[in-house]
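Undergrad: Just one file: structure_32.pdb, with PDB, C-alpha atoms, pLDDT in the B column.
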```pdb
ATOM      1  CA  MET E   1     289.557  -4.663 254.136  1.00 48.00           C
ATOM      2  CA  LYS E   2     286.205  -2.998 254.912  1.00 44.00           C
ATOM      3  CA  LYS E   3     287.782   0.453 254.762  1.00 46.00           C
ATOM      4  CA  LEU E   4     289.423  -0.457 251.481  1.00 45.00           C
ATOM      5  CA  LEU E   5     286.078  -1.526 249.974  1.00 44.00           C
ATOM      6  CA  VAL E   6     284.401   1.665 251.143  1.00 42.00           C
ATOM      7  CA  ALA E   7     287.210   3.783 249.702  1.00 46.00           C
ATOM      8  CA  THR E   8     286.984   1.921 246.404  1.00 46.00           C
ATOM      9  CA  LEU E   9     283.214   2.412 246.279  1.00 46.00           C
ATOM     10  CA  LEU E  10     283.525   6.127 246.999  1.00 48.00           C
ATOM     11  CA  ALA E  11     286.190   6.497 244.330  1.00 48.00           C
ATOM     12  CA  SER E  12     283.962   4.683 241.852  1.00 47.00           C
ATOM     13  CA  LEU E  13     281.013   6.954 242.651  1.00 45.00           C
ATOM     14  CA  SER E  14     283.230  10.004 242.318  1.00 44.00           C
ATOM     15  CA  LEU E  15     284.479   8.920 238.916  1.00 41.00           C
ATOM     16  CA  SER E  16     280.915   8.183 237.804  1.00 41.00           C
ATOM     17  CA  ALA E  17     279.774  11.653 238.832  1.00 42.00           C
ATOM     18  CA  ALA E  18     282.754  13.233 237.118  1.00 44.00           C
ATOM     19  CA  ALA E  19     281.946  11.294 233.969  1.00 48.00           C
ATOM     20  CA  ALA E  20     278.365  12.652 233.822  1.00 67.00           C
ATOM     21  CA  GLU E  21     277.874  14.682 230.667  1.00 87.00           C
ATOM     22  CA  LYS E  22     277.678  18.447 231.079  1.00 95.00           C
ATOM     23  CA  ILE E  23     275.789  20.559 228.571  1.00 98.00           C
ATOM     24  CA  ARG E  24     276.505  24.283 228.647  1.00 98.00           C
ATOM     25  CA  PHE E  25     273.467  26.106 227.287  1.00 98.00           C
ATOM     26  CA  ALA E  26     273.448  29.768 226.309  1.00 98.00           C
ATOM     27  CA  THR E  27     270.283  31.828 226.017  1.00 98.00           C
ATOM     28  CA  GLU E  28     269.179  35.461 225.852  1.00 96.00           C
ATOM     29  CA  ALA E  29     267.030  35.852 228.956  1.00 96.00           C
ATOM     30  CA  SER E  30     264.897  38.859 228.111  1.00 93.00           C
ATOM     31  CA  TYR E  31     262.227  37.166 226.035  1.00 94.00           C
ATOM     32  CA  PRO E  32     259.346  35.826 228.170  1.00 94.00           C
ATOM     33  CA  PRO E  33     257.723  33.362 228.124  1.00 95.00           C
ATOM     34  CA  PHE E  34     260.627  31.588 226.407  1.00 97.00           C
ATOM     35  CA  GLU E  35     263.420  32.847 228.671  1.00 97.00           C
ATOM     36  CA  PHE E  36     263.674  35.562 231.305  1.00 96.00           C
ATOM     37  CA  VAL E  37     265.316  36.349 234.646  1.00 96.00           C
ATOM     38  CA  ASP E  38     262.940  36.069 237.611  1.00 95.00           C
ATOM     39  CA  ALA E  39     262.820  38.034 240.876  1.00 95.00           C
ATOM     40  CA  LYS E  40     265.420  35.682 242.372  1.00 95.00           C
ATOM     41  CA  ASN E  41     267.815  36.354 239.480  1.00 95.00           C
ATOM     42  CA  GLN E  42     267.252  32.851 238.081  1.00 96.00           C
ATOM     43  CA  ILE E  43     266.789  32.152 234.372  1.00 98.00           C
ATOM     44  CA  GLN E  44     263.303  30.719 233.784  1.00 97.00           C
ATOM     45  CA  GLY E  45     260.922  30.080 230.893  1.00 97.00           C
ATOM     46  CA  PHE E  46     259.626  27.549 228.395  1.00 98.00           C
ATOM     47  CA  ASP E  47     263.019  27.033 226.754  1.00 98.00           C
ATOM     48  CA  ILE E  48     264.722  26.542 230.123  1.00 98.00           C
ATOM     49  CA  ASP E  49     262.175  23.958 231.285  1.00 98.00           C
ATOM     50  CA  LEU E  50     262.531  22.198 227.944  1.00 98.00           C
ATOM     51  CA  ALA E  51     266.343  22.121 228.162  1.00 98.00           C
ATOM     52  CA  ASN E  52     266.191  20.795 231.725  1.00 98.00           C
ATOM     53  CA  ALA E  53     263.802  18.038 230.623  1.00 98.00           C
ATOM     54  CA  LEU E  54     266.170  17.055 227.827  1.00 98.00           C
ATOM     55  CA  CYS E  55     269.112  16.988 230.227  1.00 98.00           C
ATOM     56  CA  LYS E  56     267.143  14.834 232.652  1.00 97.00           C
ATOM     57  CA  GLU E  57     266.394  12.391 229.856  1.00 97.00           C
ATOM     58  CA  LEU E  58     270.088  12.338 228.904  1.00 97.00           C
ATOM     59  CA  GLN E  59     271.192  12.125 232.562  1.00 97.00           C
ATOM     60  CA  ALA E  60     273.324  15.182 231.901  1.00 97.00           C
ATOM     61  CA  GLU E  61     274.092  18.246 233.973  1.00 96.00           C
ATOM     62  CA  CYS E  62     272.741  21.481 232.484  1.00 95.00           C
ATOM     63  CA  THR E  63     274.112  24.982 232.985  1.00 97.00           C
ATOM     64  CA  PHE E  64     272.721  28.206 231.539  1.00 98.00           C
ATOM     65  CA  ALA E  65     274.514  31.419 230.586  1.00 97.00           C
ATOM     66  CA  ASN E  66     272.786  34.662 229.662  1.00 97.00           C
ATOM     67  CA  GLN E  67     274.250  36.084 226.425  1.00 95.00           C
ATOM     68  CA  GLY E  68     273.349  38.740 223.880  1.00 94.00           C
ATOM     69  CA  PHE E  69     271.243  37.180 221.127  1.00 95.00           C
ATOM     70  CA  ASP E  70     273.595  38.283 218.364  1.00 94.00           C
ATOM     71  CA  SER E  71     276.501  36.580 220.172  1.00 96.00           C
ATOM     72  CA  LEU E  72     274.883  33.121 220.305  1.00 97.00           C
ATOM     73  CA  VAL E  73     275.860  31.857 216.847  1.00 97.00           C
ATOM     74  CA  PRO E  74     279.449  33.216 217.058  1.00 97.00           C
ATOM     75  CA  GLY E  75     279.737  31.713 220.554  1.00 97.00           C
ATOM     76  CA  LEU E  76     278.789  28.282 219.235  1.00 98.00           C
ATOM     77  CA  LYS E  77     281.242  28.551 216.359  1.00 96.00           C
ATOM     78  CA  PHE E  78     284.065  29.246 218.829  1.00 96.00           C
ATOM     79  CA  ARG E  79     282.773  26.588 221.296  1.00 96.00           C
ATOM     80  CA  ARG E  80     282.241  29.052 224.150  1.00 97.00           C
ATOM     81  CA  PHE E  81     279.228  26.901 225.062  1.00 97.00           C
ATOM     82  CA  ASP E  82     277.695  23.670 223.764  1.00 98.00           C
ATOM     83  CA  ALA E  83     274.175  24.643 222.728  1.00 98.00           C
ATOM     84  CA  ALA E  84     271.946  27.684 222.351  1.00 98.00           C
ATOM     85  CA  ILE E  85     268.254  27.623 223.186  1.00 98.00           C
ATOM     86  CA  ALA E  86     266.737  31.064 222.749  1.00 97.00           C
ATOM     87  CA  ALA E  87     263.560  31.008 220.645  1.00 95.00           C
ATOM     88  CA  MET E  88     265.855  30.789 217.620  1.00 95.00           C
ATOM     89  CA  ASP E  89     264.351  30.321 214.172  1.00 92.00           C
ATOM     90  CA  VAL E  90     266.017  27.867 211.811  1.00 92.00           C
ATOM     91  CA  THR E  91     267.094  29.828 208.734  1.00 89.00           C
ATOM     92  CA  PRO E  92     269.272  28.996 205.715  1.00 89.00           C
ATOM     93  CA  GLU E  93     271.819  31.617 206.812  1.00 90.00           C
ATOM     94  CA  ARG E  94     272.153  30.160 210.304  1.00 93.00           C
ATOM     95  CA  LEU E  95     272.383  26.641 208.906  1.00 94.00           C
ATOM     96  CA  GLU E  96     275.545  27.731 207.138  1.00 95.00           C
ATOM     97  CA  GLN E  97     277.127  28.488 210.527  1.00 96.00           C
ATOM     98  CA  VAL E  98     275.606  26.083 213.082  1.00 98.00           C
ATOM     99  CA  ALA E  99     273.684  22.822 213.227  1.00 98.00           C
ATOM    100  CA  PHE E 100     270.115  22.611 214.527  1.00 98.00           C
ATOM    101  CA  THR E 101     268.091  19.954 216.272  1.00 98.00           C
ATOM    102  CA  ASN E 102     264.607  19.113 215.101  1.00 97.00           C
ATOM    103  CA  THR E 103     262.223  21.988 215.729  1.00 96.00           C
ATOM    104  CA  TYR E 104     260.372  22.148 219.046  1.00 97.00           C
ATOM    105  CA  TYR E 105     258.029  25.115 218.515  1.00 95.00           C
ATOM    106  CA  ASP E 106     256.092  26.420 215.492  1.00 89.00           C
ATOM    107  CA  ASN E 107     256.495  30.158 215.144  1.00 87.00           C
ATOM    108  CA  SER E 108     254.938  33.275 213.647  1.00 90.00           C
ATOM    109  CA  ALA E 109     255.502  36.989 214.183  1.00 94.00           C
ATOM    110  CA  GLN E 110     253.387  40.054 214.979  1.00 96.00           C
ATOM    111  CA  PHE E 111     253.598  43.852 214.953  1.00 98.00           C
ATOM    112  CA  ILE E 112     252.404  45.874 217.948  1.00 97.00           C
ATOM    113  CA  ALA E 113     251.938  49.602 218.536  1.00 98.00           C
ATOM    114  CA  LEU E 114     250.307  51.969 221.002  1.00 97.00           C
ATOM    115  CA  LYS E 115     246.521  51.625 220.899  1.00 96.00           C
ATOM    116  CA  GLY E 116     244.901  53.882 218.348  1.00 95.00           C
ATOM    117  CA  LYS E 117     248.200  55.028 216.849  1.00 95.00           C
ATOM    118  CA  VAL E 118     248.672  52.597 213.937  1.00 96.00           C
ATOM    119  CA  ALA E 119     245.636  51.413 211.975  1.00 94.00           C
ATOM    120  CA  ASP E 120     247.323  48.772 209.842  1.00 95.00           C
ATOM    121  CA  LEU E 121     250.641  47.665 208.387  1.00 94.00           C
ATOM    122  CA  ALA E 122     250.369  50.191 205.555  1.00 95.00           C
ATOM    123  CA  ALA E 123     250.360  52.981 208.154  1.00 96.00           C
ATOM    124  CA  LEU E 124     253.920  52.001 209.144  1.00 96.00           C
ATOM    125  CA  LYS E 125     255.333  53.194 205.810  1.00 96.00           C
ATOM    126  CA  GLY E 126     258.210  55.551 206.592  1.00 96.00           C
ATOM    127  CA  GLN E 127     257.883  54.805 210.312  1.00 97.00           C
ATOM    128  CA  LYS E 128     260.372  53.343 212.808  1.00 98.00           C
ATOM    129  CA  VAL E 129     259.881  49.747 213.957  1.00 98.00           C
ATOM    130  CA  GLY E 130     261.947  48.196 216.723  1.00 98.00           C
ATOM    131  CA  MET E 131     263.214  44.633 216.921  1.00 96.00           C
ATOM    132  CA  GLN E 132     266.099  42.757 218.508  1.00 94.00           C
ATOM    133  CA  ASN E 133     269.458  42.882 216.767  1.00 93.00           C
ATOM    134  CA  GLY E 134     270.486  39.726 214.917  1.00 91.00           C
ATOM    135  CA  THR E 135     266.984  38.234 214.765  1.00 93.00           C
ATOM    136  CA  THR E 136     264.900  36.984 211.858  1.00 92.00           C
ATOM    137  CA  HIS E 137     262.556  39.901 212.597  1.00 95.00           C
ATOM    138  CA  GLN E 138     265.336  42.298 211.665  1.00 95.00           C
ATOM    139  CA  LYS E 139     266.166  40.324 208.514  1.00 94.00           C
ATOM    140  CA  TYR E 140     262.485  40.180 207.526  1.00 95.00           C
ATOM    141  CA  LEU E 141     262.043  43.955 207.769  1.00 96.00           C
ATOM    142  CA  LEU E 142     265.280  44.690 205.922  1.00 96.00           C
ATOM    143  CA  GLU E 143     264.379  42.365 203.058  1.00 96.00           C
ATOM    144  CA  LYS E 144     260.577  42.438 202.852  1.00 95.00           C
ATOM    145  CA  HIS E 145     259.571  45.879 204.105  1.00 96.00           C
ATOM    146  CA  THR E 146     262.076  48.397 202.836  1.00 96.00           C
ATOM    147  CA  GLU E 147     259.425  51.103 203.286  1.00 97.00           C
ATOM    148  CA  ILE E 148     259.852  50.693 207.065  1.00 97.00           C
ATOM    149  CA  THR E 149     262.826  52.019 209.021  1.00 97.00           C
ATOM    150  CA  PRO E 150     264.105  49.199 211.274  1.00 97.00           C
ATOM    151  CA  VAL E 151     265.632  50.122 214.635  1.00 97.00           C
ATOM    152  CA  ALA E 152     267.731  47.385 216.262  1.00 97.00           C
ATOM    153  CA  TYR E 153     267.851  46.922 220.064  1.00 96.00           C
ATOM    154  CA  ASP E 154     269.925  44.746 222.356  1.00 92.00           C
ATOM    155  CA  SER E 155     266.700  43.637 224.084  1.00 91.00           C
ATOM    156  CA  TYR E 156     262.980  43.890 223.484  1.00 92.00           C
ATOM    157  CA  GLN E 157     262.465  45.566 226.858  1.00 91.00           C
ATOM    158  CA  ASN E 158     264.327  48.596 225.544  1.00 95.00           C
ATOM    159  CA  ALA E 159     262.297  48.538 222.338  1.00 96.00           C
ATOM    160  CA  ILE E 160     259.034  48.561 224.327  1.00 96.00           C
ATOM    161  CA  LEU E 161     260.285  51.474 226.444  1.00 96.00           C
ATOM    162  CA  ASP E 162     261.068  53.473 223.309  1.00 97.00           C
ATOM    163  CA  LEU E 163     257.689  52.564 221.823  1.00 97.00           C
ATOM    164  CA  LYS E 164     255.897  53.927 224.879  1.00 96.00           C
ATOM    165  CA  SER E 165     258.002  57.090 224.887  1.00 97.00           C
ATOM    166  CA  GLY E 166     257.289  57.744 221.198  1.00 96.00           C
ATOM    167  CA  ARG E 167     260.815  57.219 219.890  1.00 97.00           C
ATOM    168  CA  ILE E 168     259.606  54.420 217.604  1.00 98.00           C
ATOM    169  CA  ASN E 169     256.191  53.669 216.125  1.00 98.00           C
ATOM    170  CA  ALA E 170     255.924  49.881 216.489  1.00 98.00           C
ATOM    171  CA  VAL E 171     257.724  46.740 217.632  1.00 98.00           C
ATOM    172  CA  PHE E 172     257.988  43.449 215.730  1.00 97.00           C
ATOM    173  CA  GLY E 173     258.393  40.174 217.644  1.00 95.00           C
ATOM    174  CA  ASP E 174     257.315  36.543 217.967  1.00 93.00           C
ATOM    175  CA  THR E 175     253.569  36.043 218.360  1.00 92.00           C
ATOM    176  CA  ALA E 176     253.764  34.148 221.672  1.00 90.00           C
ATOM    177  CA  VAL E 177     255.989  36.844 223.166  1.00 91.00           C
ATOM    178  CA  VAL E 178     253.797  39.636 221.797  1.00 93.00           C
ATOM    179  CA  ALA E 179     250.818  37.961 223.481  1.00 90.00           C
ATOM    180  CA  GLU E 180     252.615  38.282 226.826  1.00 89.00           C
ATOM    181  CA  TRP E 181     253.317  41.980 226.188  1.00 93.00           C
ATOM    182  CA  LEU E 182     249.657  42.604 225.357  1.00 93.00           C
ATOM    183  CA  LYS E 183     248.498  40.882 228.558  1.00 91.00           C
ATOM    184  CA  LYS E 184     250.700  43.130 230.687  1.00 91.00           C
ATOM    185  CA  ASN E 185     250.316  46.416 228.765  1.00 94.00           C
ATOM    186  CA  ASP E 186     246.782  47.717 228.222  1.00 95.00           C
ATOM    187  CA  ASP E 187     248.108  50.600 226.130  1.00 96.00           C
ATOM    188  CA  LEU E 188     249.455  48.264 223.412  1.00 97.00           C
ATOM    189  CA  ALA E 189     247.608  46.576 220.525  1.00 97.00           C
ATOM    190  CA  SER E 190     248.511  44.220 217.684  1.00 96.00           C
ATOM    191  CA  VAL E 191     248.806  45.600 214.154  1.00 96.00           C
ATOM    192  CA  GLY E 192     247.796  43.584 211.109  1.00 94.00           C
ATOM    193  CA  ASP E 193     247.798  39.802 210.756  1.00 93.00           C
ATOM    194  CA  ARG E 194     250.373  37.363 212.067  1.00 92.00           C
ATOM    195  CA  VAL E 195     253.380  36.944 209.767  1.00 93.00           C
ATOM    196  CA  THR E 196     253.995  33.326 208.777  1.00 89.00           C
ATOM    197  CA  ASP E 197     256.433  33.741 205.883  1.00 88.00           C
ATOM    198  CA  ASN E 198     258.148  30.337 205.694  1.00 82.00           C
ATOM    199  CA  ALA E 199     261.422  31.864 204.573  1.00 83.00           C
ATOM    200  CA  TYR E 200     261.731  33.603 207.947  1.00 87.00           C
ATOM    201  CA  PHE E 201     259.368  32.179 210.567  1.00 82.00           C
ATOM    202  CA  GLY E 202     257.638  29.081 209.237  1.00 70.00           C
ATOM    203  CA  THR E 203     260.345  26.521 209.974  1.00 82.00           C
ATOM    204  CA  GLY E 204     260.111  26.889 213.766  1.00 90.00           C
ATOM    205  CA  PHE E 205     262.446  27.143 216.770  1.00 95.00           C
ATOM    206  CA  ALA E 206     265.266  24.680 217.364  1.00 97.00           C
ATOM    207  CA  ILE E 207     268.343  24.237 219.549  1.00 98.00           C
ATOM    208  CA  ALA E 208     271.603  25.267 217.869  1.00 98.00           C
ATOM    209  CA  VAL E 209     274.951  23.501 218.316  1.00 98.00           C
ATOM    210  CA  ASN E 210     278.389  23.718 216.725  1.00 98.00           C
ATOM    211  CA  GLN E 211     278.302  22.267 213.202  1.00 97.00           C
ATOM    212  CA  LYS E 212     280.842  19.594 214.148  1.00 96.00           C
ATOM    213  CA  ASN E 213     278.968  18.552 217.274  1.00 97.00           C
ATOM    214  CA  THR E 214     276.537  16.215 215.539  1.00 96.00           C
ATOM    215  CA  ASP E 215     276.778  13.781 218.458  1.00 97.00           C
ATOM    216  CA  LEU E 216     275.160  16.308 220.808  1.00 98.00           C
ATOM    217  CA  ARG E 217     272.580  17.248 218.189  1.00 98.00           C
ATOM    218  CA  ASP E 218     271.588  13.598 217.741  1.00 98.00           C
ATOM    219  CA  LYS E 219     271.367  13.053 221.515  1.00 98.00           C
ATOM    220  CA  LEU E 220     269.154  16.114 221.910  1.00 98.00           C
ATOM    221  CA  ASN E 221     266.946  14.958 219.034  1.00 98.00           C
ATOM    222  CA  ALA E 222     266.507  11.537 220.635  1.00 98.00           C
ATOM    223  CA  ALA E 223     265.656  13.118 223.990  1.00 98.00           C
ATOM    224  CA  LEU E 224     263.250  15.585 222.348  1.00 98.00           C
ATOM    225  CA  ASP E 225     261.478  12.723 220.596  1.00 98.00           C
ATOM    226  CA  LYS E 226     261.218  10.840 223.896  1.00 98.00           C
ATOM    227  CA  ILE E 227     259.730  13.725 225.921  1.00 98.00           C
ATOM    228  CA  LYS E 228     257.228  14.433 223.153  1.00 97.00           C
ATOM    229  CA  LYS E 229     256.066  10.812 223.231  1.00 97.00           C
ATOM    230  CA  ASP E 230     255.832  10.481 227.024  1.00 97.00           C
ATOM    231  CA  GLY E 231     253.888  13.732 227.540  1.00 97.00           C
ATOM    232  CA  THR E 232     256.638  15.748 229.216  1.00 98.00           C
ATOM    233  CA  TYR E 233     256.797  18.249 226.359  1.00 97.00           C
ATOM    234  CA  GLN E 234     253.038  18.834 226.438  1.00 96.00           C
ATOM    235  CA  THR E 235     253.131  19.415 230.195  1.00 97.00           C
ATOM    236  CA  ILE E 236     255.829  22.068 229.749  1.00 97.00           C
ATOM    237  CA  TYR E 237     253.929  23.623 226.834  1.00 95.00           C
ATOM    238  CA  ASN E 238     250.703  23.813 228.834  1.00 94.00           C
ATOM    239  CA  LYS E 239     252.532  25.468 231.732  1.00 95.00           C
ATOM    240  CA  TRP E 240     253.672  28.389 229.588  1.00 94.00           C
ATOM    241  CA  PHE E 241     251.109  28.727 226.794  1.00 89.00           C
ATOM    242  CA  GLN E 242     247.785  27.389 228.098  1.00 74.00           C
ATOM    243  CA  LYS E 243     247.145  29.902 230.883  1.00 57.00           C
TER
END
```
Once more with this new file: its structure as structure tokens, please.
TA:
Amino acid sequence: MKKLLVATLLASLSLSAAAAEKIRFATEASYPPFEFVDAKNQIQGFDIDLANALCKELQAECTFANQGFDSLVPGLKFRRFDAAIAAMDVTPERLEQVAFTNTYYDNSAQFIALKGKVADLAALKGQKVGMQNGTTHQKYLLEKHTEITPVAYDSYQNAILDLKSGRINAVFGDTAVVAEWLKKNDDLASVGDRVTDNAYFGTGFAIAVNQKNTDLRDKLNAALDKIKKDGTYQTIYNKWFQK
């Protein structure tokens, strides 16, 4: 009888573990401090800590896959993963394809160039500016600055390399990420004021899910609200942005 009870208990625990929700996150891990691959080949960053905190609140198991940024929305549409967290702006165009949680980070954008090379934004007329393919930065340049030649890259690391080698004249990225580049590269400087155009950057970052997966979106929203109220969000924010 004792062995039977033990076996039943073990089976119950096994079924409980199997029933634990799994959330498959995709990200584009070349965008510190939001997401990047560390020296141990592990995906780290603000977005990853945030996702893990949400999963802990939901008692769910999180996994993370590194994908190209321009493949994130198509991947969600075809259910290759459950959610995308990748410093992704909420835009009307994306809302037509995926659903978003409430925003978790207010965003703006910034141009950078080699020190002493570009005096102001007007000096970029007819010049090449790099940005990541499929981003709101690309859309912004194509629609708002037709006098600039946009050059799309698969990652910002490659854009920075081309900037330093003189193949392009500037790079356009999120302000928090640009701040990290400036800390680590003394030969770079910001150009002009931060861009806060609400049509492109003012809405903020959010987690994207398949449009039909409103259940997951609502669960993530509830967890996000909880970690903001109990201080967990602020602790994560301070870790990455209050250095």
Undergrad: Neighbouring residues of Thr135 (chain E) were defined as those with any atom within 12 Å, considering only C-alpha atoms; residues of the same chain fewer than 5 positions away were excluded. Please report them as an MDAnalysis selection string.
TA: chainID E and resid 28 68:73 86:91 93:94 109 130 140:142 150:156 172:174 200:201
Undergrad: Extract, using all atoms listed in the file, all DNA, RNA and protein residues at most 6 Å from Glu35 (chain E), discarding same-chain residues fewer than 3 positions from it, and format them as a list in words.
TA: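 Those residues are Ala29, Tyr31, Pro32, Gln44 and Gly45 of chain E.
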Undergrad: As an exercise, work out the distance from CA of Thr196 (chain E) to CA of Ser108 (chain E) in Å and give it to one decimal place.
TA: 5.0 Å
Undergrad: Can you pull out every residue within 9 Å of Lys164 (chain E), counting only C-alpha atoms, but drop anything in the same chain fewer than 6 positions away, and send it as a PDB file with C-alpha atoms, in the coordinates of the input?
TA:
```pdb
ATOM      1  CA  ALA E 113     251.938  49.602 218.536  1.00 98.00           C
ATOM      2  CA  LEU E 114     250.307  51.969 221.002  1.00 97.00           C
ATOM      3  CA  ASP E 187     248.108  50.600 226.130  1.00 96.00           C
ATOM      4  CA  LEU E 188     249.455  48.264 223.412  1.00 97.00           C
TER       5      LEU E 188
END
```
Undergrad: Which polymer residues have any atom within 9 Å of an atom of Ala119 (chain E), counting only C-alpha atoms, with same-chain residues fewer than 5 positions away left out, as a count of residues only?
TA: 3
Undergrad: Expand the PyMOL selection byres ((chain E and resi 56) around 12) into the individual residues it matches in the shown file, reporting them as a ChimeraX atom specification.
TA: /E:20-23,49-55,57-62,220,223-224,226-227,232
Undergrad: Find, counting only C-alpha atoms, the residue in E:Ala208, E:Lys229, E:Asn185, E:Arg194 that gets nearest to Gln110 (chain E).
TA: E:Arg194
Undergrad: One decimal, Å: what's the distance from CA of Asp225 (chain E) over to CA of Asn102 (chain E), could you say?
TA: 9.0 Å
Undergrad: Separation of CA of Arg217 (chain E) and CA of Ala65 (chain E), in Å?
TA: 18.9 Å
Undergrad: So which one's closest to Val37 (chain E), E:Tyr233, E:Tyr105, E:Phe25, E:Phe64? Using all atoms listed in the file, please.
TA: E:Phe64
Undergrad: Choose the residue, out of E:Ala26, E:Ile112, E:Ala122, E:Ala170, that has the smallest atom-to-atom separation from Pro74 (chain E); count only C-alpha atoms.
TA: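 For Pro74 (chain E), the nearest of the given residues is E:Ala26.
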Undergrad: With distances taken over only C-alpha atoms, which residue among E:Trp181, E:Phe34, E:Phe111, E:Phe100 lies nearest Ala84 (chain E)?
TA: E:Phe100
Undergrad: Rank nothing, just name the residue among E:Ser30, E:Val98, E:Ala179, E:Arg80 nearest to Val209 (chain E), using only C-alpha atoms.
TA: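 Smallest distance to Val209 (chain E) is found for E:Val98.
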Undergrad: Write out as a list in words each polymer residue whose atoms come within 8 Å of Lys77 (chain E), counting only C-alpha atoms; drop sequence neighbours fewer than 5 positions from it.
TA: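 Final neighbour list, sorted by chain and number: Gln97, Val98, Asn210 and Gln211 of chain E.
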Undergrad: Atoms to include: C-alpha atoms. Write the selected residues as a PDB file, in the coordinates of the input.
TA:
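See part_28.pdb below for the written result:
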```pdb
ATOM      1  CA  GLN E  97     277.127  28.488 210.527  1.00 96.00           C
ATOM      2  CA  VAL E  98     275.606  26.083 213.082  1.00 98.00           C
ATOM      3  CA  ASN E 210     278.389  23.718 216.725  1.00 98.00           C
ATOM      4  CA  GLN E 211     278.302  22.267 213.202  1.00 97.00           C
TER       5      GLN E 211
END
```
Undergrad: Counting only C-alpha atoms, figure out which residue out of E:Arg167, E:Ala83, E:Gly202, E:Phe46 gets nearest to Thr101 (chain E).
TA: E:Ala83
